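J.: Contents are compact mmCIF, C-alpha atoms; file name run.txt:
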```txt
# COMPACT_ATOMS: atom_id res chain seq x y z
CA MET A 1 -85.05 -69.92 152.34
CA LEU A 2 -86.56 -69.18 155.77
CA ASP A 3 -83.51 -67.25 156.89
CA ALA A 4 -83.75 -65.16 153.69
CA LEU A 5 -87.15 -63.87 154.80
CA SER A 6 -85.38 -61.72 157.38
CA TYR A 7 -84.42 -59.42 154.50
CA ASP A 8 -86.90 -56.75 153.43
CA PHE A 9 -86.39 -57.40 149.72
CA MET A 10 -87.26 -61.09 150.17
CA GLN A 11 -90.42 -60.21 152.11
CA GLN A 12 -91.41 -57.83 149.31
CA ALA A 13 -90.65 -60.50 146.70
CA LEU A 14 -92.83 -63.02 148.53
CA ALA A 15 -95.66 -60.48 148.77
CA ALA A 16 -95.31 -59.77 145.03
CA SER A 17 -95.48 -63.51 144.34
CA LEU A 18 -98.75 -63.85 146.23
CA LEU A 19 -100.31 -60.76 144.66
CA ALA A 20 -99.23 -61.74 141.16
CA SER A 21 -100.57 -65.26 141.69
CA ILE A 22 -104.06 -63.90 142.34
CA ALA A 23 -104.01 -61.98 139.07
CA CYS A 24 -102.52 -65.00 137.30
CA GLY A 25 -105.22 -67.35 138.58
CA VAL A 26 -108.11 -65.05 137.69
CA ILE A 27 -106.87 -63.61 134.40
CA GLY A 28 -105.08 -66.74 133.24
CA THR A 29 -108.27 -68.76 133.60
CA LEU A 30 -110.24 -66.26 131.52
CA VAL A 31 -107.48 -66.17 128.89
CA VAL A 32 -107.43 -69.96 128.59
CA VAL A 33 -111.20 -70.57 128.49
CA ASN A 34 -111.73 -67.69 126.03
CA ARG A 35 -108.81 -68.89 123.83
CA LEU A 36 -107.08 -65.50 124.00
CA VAL A 37 -103.54 -66.76 124.50
CA PHE A 38 -102.14 -65.17 121.33
CA LEU A 39 -103.90 -61.88 122.06
CA ALA A 40 -102.52 -61.90 125.61
CA GLY A 41 -99.06 -62.48 124.16
CA GLY A 42 -99.52 -59.44 121.92
CA VAL A 43 -100.58 -57.33 124.90
CA SER A 44 -97.59 -58.46 126.98
CA HIS A 45 -95.09 -57.42 124.30
CA ALA A 46 -96.92 -54.21 123.38
CA ALA A 47 -96.65 -53.23 127.06
CA TYR A 48 -92.99 -52.44 126.41
CA GLY A 49 -94.21 -49.28 124.72
CA GLY A 50 -95.57 -48.15 128.09
CA VAL A 51 -92.23 -48.95 129.72
CA GLY A 52 -90.51 -46.80 127.09
CA LEU A 53 -92.91 -43.91 127.73
CA ALA A 54 -92.29 -44.14 131.47
CA PHE A 55 -88.49 -44.04 131.12
CA HIS A 56 -88.51 -41.31 128.49
CA TYR A 57 -90.81 -38.92 130.37
CA GLY A 58 -89.95 -39.96 133.93
CA TRP A 59 -93.40 -41.39 134.70
CA PRO A 60 -94.14 -44.25 137.13
CA VAL A 61 -93.52 -47.47 135.19
CA LEU A 62 -96.41 -49.66 136.34
CA PRO A 63 -99.26 -47.15 135.75
CA SER A 64 -97.73 -46.10 132.41
CA ALA A 65 -97.42 -49.70 131.23
CA ILE A 66 -100.99 -50.46 132.33
CA GLY A 67 -102.38 -47.46 130.46
CA PHE A 68 -100.48 -48.29 127.28
CA SER A 69 -101.38 -51.98 127.51
CA VAL A 70 -105.08 -51.31 128.02
CA ALA A 71 -105.14 -48.96 125.02
CA SER A 72 -103.31 -51.53 122.87
CA SER A 73 -105.55 -54.34 124.07
CA MET A 74 -108.69 -52.40 123.14
CA LEU A 75 -107.37 -52.03 119.58
CA MET A 76 -106.63 -55.75 119.42
CA ALA A 77 -110.02 -56.64 120.88
CA GLY A 78 -111.79 -54.42 118.35
CA VAL A 79 -110.02 -56.05 115.43
CA ALA A 80 -110.69 -59.53 116.83
CA LEU A 81 -114.41 -58.76 116.97
CA LYS A 82 -114.88 -56.88 113.70
CA ARG A 83 -112.33 -58.65 111.48
CA PRO A 84 -111.61 -62.04 113.11
CA GLU A 85 -110.03 -63.36 109.90
CA LYS A 86 -107.35 -60.65 110.17
CA SER A 87 -106.96 -60.61 113.94
CA ASP A 88 -103.72 -62.61 113.98
CA THR A 89 -102.08 -60.17 111.57
CA ALA A 90 -103.29 -57.11 113.46
CA ILE A 91 -102.17 -58.51 116.81
CA GLY A 92 -98.76 -59.37 115.37
CA VAL A 93 -98.36 -55.83 114.01
CA LEU A 94 -99.38 -54.19 117.30
CA TRP A 95 -97.16 -56.65 119.18
CA ALA A 96 -94.10 -55.56 117.16
CA ALA A 97 -95.08 -51.89 116.98
CA GLY A 98 -95.46 -51.60 120.76
CA MET A 99 -92.04 -53.12 121.38
CA ALA A 100 -90.41 -51.01 118.67
CA PHE A 101 -91.99 -47.84 120.04
CA GLY A 102 -90.74 -48.63 123.54
CA ILE A 103 -87.22 -49.49 122.38
CA ILE A 104 -86.92 -46.28 120.34
CA LEU A 105 -88.08 -44.14 123.26
CA ILE A 106 -85.60 -45.86 125.56
CA ASP A 107 -82.79 -45.34 123.04
CA LEU A 108 -83.67 -41.64 122.92
CA THR A 109 -83.59 -41.36 126.71
CA PRO A 110 -80.22 -40.24 128.08
CA GLY A 111 -78.62 -42.02 131.01
CA TYR A 112 -77.88 -45.57 132.14
CA LYS A 113 -80.81 -48.01 131.80
CA ALA A 114 -79.74 -50.97 133.92
CA ASP A 115 -83.27 -51.72 135.11
CA LEU A 116 -84.69 -52.44 131.66
CA MET A 117 -83.68 -56.10 131.61
CA SER A 118 -85.97 -56.68 134.59
CA PHE A 119 -88.97 -55.88 132.38
CA LEU A 120 -87.87 -58.41 129.78
CA PHE A 121 -87.04 -61.29 132.12
CA GLY A 122 -88.52 -60.23 135.45
CA SER A 123 -86.96 -59.10 138.69
CA ILE A 124 -89.23 -60.08 141.55
CA LEU A 125 -86.43 -59.34 144.01
CA ALA A 126 -86.53 -55.67 143.02
CA VAL A 127 -90.28 -54.95 143.25
CA PRO A 128 -90.68 -51.70 145.25
CA VAL A 129 -93.22 -51.27 148.04
CA THR A 130 -95.20 -48.73 146.00
CA ASP A 131 -95.77 -51.37 143.32
CA LEU A 132 -97.02 -53.80 145.96
CA TYR A 133 -99.74 -51.36 147.00
CA LEU A 134 -100.77 -50.86 143.38
CA MET A 135 -100.76 -54.62 142.75
CA ALA A 136 -103.00 -55.17 145.80
CA ALA A 137 -105.42 -52.50 144.58
CA LEU A 138 -105.50 -54.02 141.09
CA ASP A 139 -106.13 -57.49 142.54
CA ALA A 140 -109.04 -56.14 144.56
CA ALA A 141 -110.47 -54.45 141.46
CA LEU A 142 -110.11 -57.61 139.34
CA LEU A 143 -111.81 -59.77 141.97
CA ALA A 144 -114.63 -57.24 142.33
CA VAL A 145 -115.24 -57.14 138.57
CA VAL A 146 -115.24 -60.94 138.31
CA ALA A 147 -117.64 -61.24 141.26
CA LEU A 148 -120.05 -58.65 139.83
CA CYS A 149 -119.93 -60.03 136.26
CA HIS A 150 -119.51 -63.71 137.08
CA GLN A 151 -122.61 -64.98 135.26
CA THR A 152 -121.94 -62.98 132.11
CA LEU A 153 -118.27 -63.97 132.02
CA LEU A 154 -119.17 -67.63 132.57
CA VAL A 155 -121.73 -67.84 129.76
CA THR A 156 -119.79 -65.76 127.23
CA SER A 157 -116.60 -67.72 127.90
CA PHE A 158 -118.11 -71.13 127.13
CA ASP A 159 -121.01 -70.44 124.74
CA ARG A 160 -120.99 -67.06 123.02
CA GLU A 161 -123.91 -67.84 120.72
CA PHE A 162 -126.11 -68.83 123.67
CA ALA A 163 -125.06 -65.65 125.47
CA GLU A 164 -126.07 -63.55 122.46
CA ALA A 165 -129.42 -65.36 122.28
CA ARG A 166 -129.98 -64.58 125.96
CA GLY A 167 -129.30 -60.90 125.29
CA LEU A 168 -126.12 -60.78 127.36
CA PRO A 169 -123.57 -58.03 126.57
CA VAL A 170 -121.15 -60.27 124.70
CA ARG A 171 -119.13 -57.45 123.13
CA THR A 172 -118.79 -55.65 126.46
CA ALA A 173 -117.68 -58.89 128.13
CA HIS A 174 -115.09 -59.42 125.40
CA TYR A 175 -113.59 -55.96 125.90
CA LEU A 176 -113.74 -56.43 129.68
CA VAL A 177 -111.80 -59.72 129.57
CA VAL A 178 -109.18 -58.26 127.23
CA GLY A 179 -108.83 -55.15 129.39
CA MET A 180 -108.39 -57.24 132.54
CA THR A 181 -105.84 -59.33 130.65
CA ALA A 182 -103.84 -56.20 129.93
CA VAL A 183 -103.83 -55.28 133.63
CA GLY A 184 -102.87 -58.81 134.68
CA VAL A 185 -100.09 -59.03 132.12
CA VAL A 186 -98.44 -55.84 133.38
CA MET A 187 -98.58 -57.12 136.95
CA LEU A 188 -96.86 -60.34 135.92
CA ILE A 189 -94.20 -58.52 133.91
CA ARG A 190 -92.64 -57.37 137.18
CA VAL A 191 -92.46 -61.00 138.29
CA VAL A 192 -91.36 -62.98 135.20
CA GLY A 193 -90.87 -60.37 132.47
CA LEU A 194 -92.75 -59.87 129.22
CA VAL A 195 -90.75 -62.59 127.45
CA LEU A 196 -91.95 -65.29 129.88
CA VAL A 197 -95.31 -63.94 131.03
CA MET A 198 -97.41 -66.18 128.78
CA ALA A 199 -96.10 -69.32 130.45
CA LEU A 200 -97.25 -68.14 133.88
CA LEU A 201 -100.62 -67.09 132.47
CA THR A 202 -101.33 -70.45 130.84
CA ILE A 203 -99.60 -73.23 132.79
CA PRO A 204 -101.46 -72.84 136.14
CA PRO A 205 -104.93 -72.64 134.48
CA PHE A 206 -104.10 -75.65 132.30
CA ILE A 207 -103.24 -77.74 135.34
CA ALA A 208 -106.23 -76.38 137.28
CA ALA A 209 -108.63 -77.26 134.45
CA ARG A 210 -107.85 -80.97 134.88
CA THR A 211 -109.70 -81.13 138.21
CA ALA A 212 -111.86 -77.98 138.39
CA ARG A 213 -115.62 -78.31 138.13
CA SER A 214 -116.51 -74.62 137.83
CA LEU A 215 -114.98 -71.34 136.75
CA PRO A 216 -114.41 -70.07 140.33
CA SER A 217 -112.81 -73.36 141.38
CA MET A 218 -110.54 -73.23 138.32
CA MET A 219 -109.50 -69.68 139.25
CA ALA A 220 -108.81 -70.73 142.85
CA ALA A 221 -106.78 -73.78 141.79
CA ALA A 222 -104.84 -71.76 139.20
CA THR A 223 -104.03 -69.18 141.89
CA ALA A 224 -102.78 -71.94 144.19
CA TRP A 225 -100.61 -73.47 141.47
CA SER A 226 -99.23 -70.07 140.52
CA THR A 227 -98.34 -69.42 144.15
CA VAL A 228 -96.48 -72.74 144.33
CA PHE A 229 -94.55 -71.96 141.15
CA CYS A 230 -93.69 -68.38 142.16
CA VAL A 231 -92.56 -69.29 145.67
CA GLY A 232 -90.68 -72.34 144.40
CA GLY A 233 -88.97 -70.30 141.70
CA LEU A 234 -88.14 -67.58 144.21
CA ALA A 235 -86.47 -70.14 146.48
CA LEU A 236 -84.57 -71.59 143.53
CA ALA A 237 -83.39 -68.14 142.43
CA TYR A 238 -82.18 -67.34 145.93
CA ARG A 239 -80.46 -70.70 146.41
CA TRP A 240 -78.63 -70.82 143.06
CA ASP A 241 -78.36 -67.07 142.32
CA VAL A 242 -80.17 -67.28 138.97
CA THR A 243 -82.67 -64.98 137.25
CA SER A 244 -85.88 -65.07 139.27
CA GLY A 245 -88.27 -64.92 136.30
CA ALA A 246 -86.55 -67.80 134.52
CA ALA A 247 -86.47 -69.82 137.76
CA ILE A 248 -90.22 -69.37 138.26
CA ILE A 249 -90.99 -70.49 134.71
CA ALA A 250 -88.59 -73.44 135.06
CA VAL A 251 -90.51 -74.62 138.13
CA ALA A 252 -93.83 -74.07 136.33
CA SER A 253 -92.61 -75.99 133.27
CA ALA A 254 -91.45 -78.86 135.47
CA GLY A 255 -94.86 -78.91 137.12
CA PHE A 256 -96.57 -78.92 133.72
CA MET A 257 -94.49 -81.86 132.50
CA ALA A 258 -95.00 -83.77 135.74
CA VAL A 259 -98.79 -83.36 135.65
CA SER A 260 -98.97 -84.16 131.94
CA GLY A 261 -96.74 -87.19 132.38
CA ALA A 262 -98.82 -88.46 135.30
CA GLY A 263 -101.99 -88.06 133.24
CA ALA A 264 -100.52 -89.95 130.31
CA LEU A 265 -99.34 -92.73 132.65
CA ARG A 266 -102.81 -93.06 134.16
CA ARG A 267 -104.36 -93.37 130.70
CA ILE A 268 -101.87 -96.08 129.72
CA MET A 269 -102.56 -98.03 132.92
CA ALA A 270 -106.31 -97.64 132.41
CA ARG A 271 -106.07 -99.11 128.90
CA LYS A 272 -104.02 -102.02 130.14
CA THR A 273 -106.52 -102.87 132.86
CA ALA A 274 -109.58 -102.39 130.63
```
Spell out the structure here as structure tokens.

T.:
Amino acid sequence: MLDALSYDFMQQALAASLLASIACGVIGTLVVVNRLVFLAGGVSHAAYGGVGLAFHYGWPVLPSAIGFSVASSMLMAGVALKRPEKSDTAIGVLWAAGMAFGIILIDLTPGYKADLMSFLFGSILAVPVTDLYLMAALDAALLAVVALCHQTLLVTSFDREFAEARGLPVRTAHYLVVGMTAVGVVMLIRVVGLVLVMALLTIPPFIAARTARSLPSMMAAATAWSTVFCVGGLALAYRWDVTSGAAIIAVASAGFMAVSGAGALRRIMARKTA
């Protein structure tokens, strides 16, 4: 693996892993504690509509996907707030509609579309330098928003009724979290693809939650775990010449099972010694 870092594409892949891990740790934690996993899944698949727009009109892919995802996420967030009993249906419809829209646009676009599979299953080895700069800027923006709105995000994430009683902007915080989720999802699509993105958004925060004592510490631990999974998956993909996104999720899944198994074993041993 160390000798592979002499190649520019491997250096760029490693940089993308680190940048994506920051977004994963921050956004994944907010998704998990706010129970927005299904909504985040809808956003990740609807993002394919932005990919279709980019290919059809020749726009930059990452900004186009972010714009489309944010717009879709705002619709989903609005339905979840106003009609929570119908939110699952609405998210499912937007999920399918976004993908269908993107696929139709891509079908109508002339030319060879070899790169499209990378958006479904990830292609961290093909992340261009321009995307790295945009990912770094987005990470900085996400961290700034979380730092400025930390107290509001903390209270609304764990006790929405108390936040409303305190006069905190609960609705604004909800839209903010969903919008940041859309941005984070698009960043991770370049790493693991929209089919696998939910695993990387949820597994590191789940593991981090077992030992974290605060929201910032959970974000930091989730970022660290995501970095381990991304770098480990990258090494596995290079060593065995397999799809990078699938390799990253395989490493993350193995980590999830190992941590869960260790926890179950500790509980069994504790009962036997009690």

J.: Could you jot down the CA of Tyr48 (chain A) to CA of Ala97 (chain A) separation for me, Å, one decimal place?

T.: 9.7 Å

J.: Edge lengths and centre, in Å to one decimal, as JSON: that's what I need for the box along x, y and z that holds all listed atoms of region 133-140 of chain A plus 6 Å on each side.

T.:
```
{"center_x": -104.4, "center_y": -54.2, "center_z": 144.0, "size_x": 21.3, "size_y": 18.6, "size_z": 17.9}
```

J.: Counting all atoms listed in the file, which residue out of A:Val259, A:Leu194, A:Ala182, A:Val43 sits closest to Arg210 (chain A)?

T.: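 Going through A:Val259, A:Leu194, A:Ala182, A:Val43 one by one, the smallest distance to Arg210 (chain A) is for A:Val259.
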
J.: One number please: CA of Thr243 (chain A) to CA of Gly41 (chain A), in Å, one decimal.

T.: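 Separating CA of Thr243 (chain A) from CA of Gly41 (chain A) is a distance of 21.1 Å.
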
J.: If you measure from CA of Leu236 (chain A) to CA of Ser217 (chain A), what distance in Å do you get, rounded to one decimal?

T.: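 If I compute the distance from CA of Leu236 (chain A) to CA of Ser217 (chain A), I get 28.4 Å.
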
J.: So that I can check the surroundings of Asp131 (chain A), please list as a count of residues only every protein, DNA and RNA residue that reaches within 12 Å of it, counting all atoms listed in the file and ignoring chain neighbours fewer than 6 positions away.

T.: 19

J.: Between A:Ala141, A:Val183, A:Leu125, A:Val146, which residue has the minimum interatomic distance to Ser72 (chain A), considering only C-alpha atoms?

T.: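 Among A:Ala141, A:Val183, A:Leu125, A:Val146, it is A:Val183 that comes nearest to Ser72 (chain A).
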
J.: Determine, counting only C-alpha atoms, which protein, DNA and RNA residues have an atom within 9 Å of an atom of Val195 (chain A); residues of the same chain fewer than 5 positions away are not included. Present the result as a list in words.

T.: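 These residues fall inside the cut-off: Gly41, Ser44, His45, Phe119, Leu120, Phe121, Gly122 and Ile189 of chain A.
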
J.: Kindly indicate which residue among A:Leu53, A:Ile249, A:Asp8, A:Val155 lies nearest to Gly232 (chain A), using only C-alpha atoms for the distances.

T.: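 The shortest atom-to-atom distance to Gly232 (chain A) comes from A:Ile249.
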
J.: For Val185 (chain A), work out the shell of residues within 9 Å, counting all atoms listed in the file and skipping chain neighbours fewer than 6 positions away, then give it as a list in words.

T.: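 Non-adjacent residues within range: Ala23, Cys24, Ile27, Ala40, Gly41, Val43, Ser44, Ala47, Ile66, Ser69, Leu194, Val197, Met198 and Leu201 of chain A.
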
J.: Identify the residues around (-108.6, -52.1, 124.3) within a radius of 8 Å, measuring from only C-alpha atoms in the coordinates stated by the file, and give them as a PDB file with C-alpha atoms, keeping the file's coordinate frame.

T.:
```pdb
ATOM      1  CA  SER A  69    -101.380 -51.980 127.510  1.00  0.00           C
ATOM      2  CA  VAL A  70    -105.080 -51.310 128.020  1.00  0.00           C
ATOM      3  CA  ALA A  71    -105.140 -48.960 125.020  1.00  0.00           C
ATOM      4  CA  SER A  72    -103.310 -51.530 122.870  1.00  0.00           C
ATOM      5  CA  SER A  73    -105.550 -54.340 124.070  1.00  0.00           C
ATOM      6  CA  MET A  74    -108.690 -52.400 123.140  1.00  0.00           C
ATOM      7  CA  LEU A  75    -107.370 -52.030 119.580  1.00  0.00           C
ATOM      8  CA  MET A  76    -106.630 -55.750 119.420  1.00  0.00           C
ATOM      9  CA  ALA A  77    -110.020 -56.640 120.880  1.00  0.00           C
ATOM     10  CA  GLY A  78    -111.790 -54.420 118.350  1.00  0.00           C
ATOM     11  CA  TYR A 175    -113.590 -55.960 125.900  1.00  0.00           C
ATOM     12  CA  VAL A 178    -109.180 -58.260 127.230  1.00  0.00           C
ATOM     13  CA  GLY A 179    -108.830 -55.150 129.390  1.00  0.00           C
TER      14      GLY A 179
END
```

J.: I'd like the neighbourhood of region 106-108 of chain A as a compact mmCIF listing (two decimals) with C-alpha atoms, keeping the file's coordinate frame, where a residue qualifies if any of its atoms comes within 7 Å (using all atoms listed in the file), though same-chain residues fewer than 5 positions away should be ignored.

T.:
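The resulting file, out_21.txt, is reproduced below:
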```txt
# COMPACT_ATOMS: atom_id res chain seq x y z
CA GLY A 52 -90.51 -46.80 127.09
CA PHE A 55 -88.49 -44.04 131.12
CA HIS A 56 -88.51 -41.31 128.49
```

J.: For Thr223 (chain A), please output as a ChimeraX atom specification all residues within 7 Å (counting only C-alpha atoms; exclusion window: fewer than 5 positions along the same chain).

T.: /A:21-22,24-25

J.: Given the choices A:Trp225, A:Phe101, A:Phe68, A:Tyr238, which gets closest to Ser123 (chain A) if the distance is worked out from all atoms listed in the file?

T.: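 The closest residue to Ser123 (chain A) is A:Tyr238.
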
J.: Of the candidates A:Ala126, A:Ala96, A:Val32, A:Ala264, which one gets nearest to Gly245 (chain A) if we count only C-alpha atoms?

T.: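 Among A:Ala126, A:Ala96, A:Val32, A:Ala264, it is A:Ala126 that comes nearest to Gly245 (chain A).
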
J.: From the coordinates I just gave you, please extract region 135-164 of chain A so that only N, CA and C atoms remain, then output it as a tab-separated table (two decimals), in the first residue's frame.

T.:
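Now in selection26.tsv:
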```
chain	number	residue	atom	x	y	z
A	135	MET	N	-14.76	19.40	-2.04
A	135	MET	CA	-15.02	18.62	-0.83
A	135	MET	C	-14.42	19.29	0.41
A	136	ALA	N	-13.22	19.85	0.27
A	136	ALA	CA	-12.59	20.55	1.39
A	136	ALA	C	-13.40	21.78	1.78
A	137	ALA	N	-13.88	22.52	0.79
A	137	ALA	CA	-14.69	23.70	1.07
A	137	ALA	C	-16.00	23.33	1.75
A	138	LEU	N	-16.62	22.24	1.29
A	138	LEU	CA	-17.88	21.79	1.89
A	138	LEU	C	-17.65	21.31	3.33
A	139	ASP	N	-16.55	20.62	3.58
A	139	ASP	CA	-16.22	20.19	4.94
A	139	ASP	C	-16.08	21.40	5.86
A	140	ALA	N	-15.36	22.41	5.38
A	140	ALA	CA	-15.17	23.61	6.19
A	140	ALA	C	-16.51	24.28	6.49
A	141	ALA	N	-17.40	24.32	5.49
A	141	ALA	CA	-18.71	24.93	5.69
A	141	ALA	C	-19.54	24.12	6.69
A	142	LEU	N	-19.52	22.79	6.57
A	142	LEU	CA	-20.27	21.94	7.50
A	142	LEU	C	-19.79	22.11	8.93
A	143	LEU	N	-18.47	22.13	9.12
A	143	LEU	CA	-17.91	22.29	10.46
A	143	LEU	C	-18.25	23.66	11.04
A	144	ALA	N	-18.25	24.68	10.19
A	144	ALA	CA	-18.58	26.03	10.66
A	144	ALA	C	-20.04	26.10	11.10
A	145	VAL	N	-20.93	25.50	10.31
A	145	VAL	CA	-22.36	25.51	10.67
A	145	VAL	C	-22.59	24.77	11.98
A	146	VAL	N	-21.97	23.61	12.12
A	146	VAL	CA	-22.14	22.82	13.35
A	146	VAL	C	-21.59	23.58	14.56
A	147	ALA	N	-20.45	24.24	14.40
A	147	ALA	CA	-19.87	25.00	15.50
A	147	ALA	C	-20.77	26.17	15.90
A	148	LEU	N	-21.33	26.87	14.92
A	148	LEU	CA	-22.17	28.03	15.21
A	148	LEU	C	-23.53	27.63	15.79
A	149	CYS	N	-24.05	26.49	15.36
A	149	CYS	CA	-25.40	26.06	15.77
A	149	CYS	C	-25.36	24.86	16.71
A	150	HIS	N	-24.24	24.66	17.39
A	150	HIS	CA	-24.06	23.44	18.18
A	150	HIS	C	-25.16	23.25	19.22
A	151	GLN	N	-25.45	24.31	20.00
A	151	GLN	CA	-26.42	24.17	21.08
A	151	GLN	C	-27.81	23.84	20.55
A	152	THR	N	-28.21	24.53	19.49
A	152	THR	CA	-29.53	24.28	18.90
A	152	THR	C	-29.61	22.87	18.33
A	153	LEU	N	-28.58	22.44	17.61
A	153	LEU	CA	-28.57	21.10	17.04
A	153	LEU	C	-28.59	20.04	18.13
A	154	LEU	N	-27.87	20.28	19.22
A	154	LEU	CA	-27.82	19.32	20.32
A	154	LEU	C	-29.20	19.14	20.95
A	155	VAL	N	-29.85	20.23	21.29
A	155	VAL	CA	-31.13	20.15	22.00
A	155	VAL	C	-32.22	19.60	21.08
A	156	THR	N	-32.28	20.09	19.85
A	156	THR	CA	-33.33	19.63	18.94
A	156	THR	C	-33.14	18.17	18.54
A	157	SER	N	-31.91	17.70	18.55
A	157	SER	CA	-31.66	16.30	18.17
A	157	SER	C	-32.15	15.32	19.23
A	158	PHE	N	-32.05	15.70	20.51
A	158	PHE	CA	-32.35	14.76	21.58
A	158	PHE	C	-33.69	15.01	22.28
A	159	ASP	N	-34.19	16.26	22.22
A	159	ASP	CA	-35.46	16.55	22.89
A	159	ASP	C	-36.14	17.71	22.18
A	160	ARG	N	-36.89	17.38	21.14
A	160	ARG	CA	-37.52	18.43	20.31
A	160	ARG	C	-38.58	19.21	21.07
A	161	GLU	N	-39.33	18.54	21.93
A	161	GLU	CA	-40.37	19.24	22.69
A	161	GLU	C	-39.75	20.25	23.65
A	162	PHE	N	-38.66	19.89	24.30
A	162	PHE	CA	-37.97	20.81	25.20
A	162	PHE	C	-37.42	21.99	24.39
A	163	ALA	N	-36.89	21.72	23.21
A	163	ALA	CA	-36.36	22.78	22.37
A	163	ALA	C	-37.46	23.77	21.97
A	164	GLU	N	-38.64	23.25	21.64
A	164	GLU	CA	-39.76	24.12	21.30
A	164	GLU	C	-40.18	24.96	22.50
```
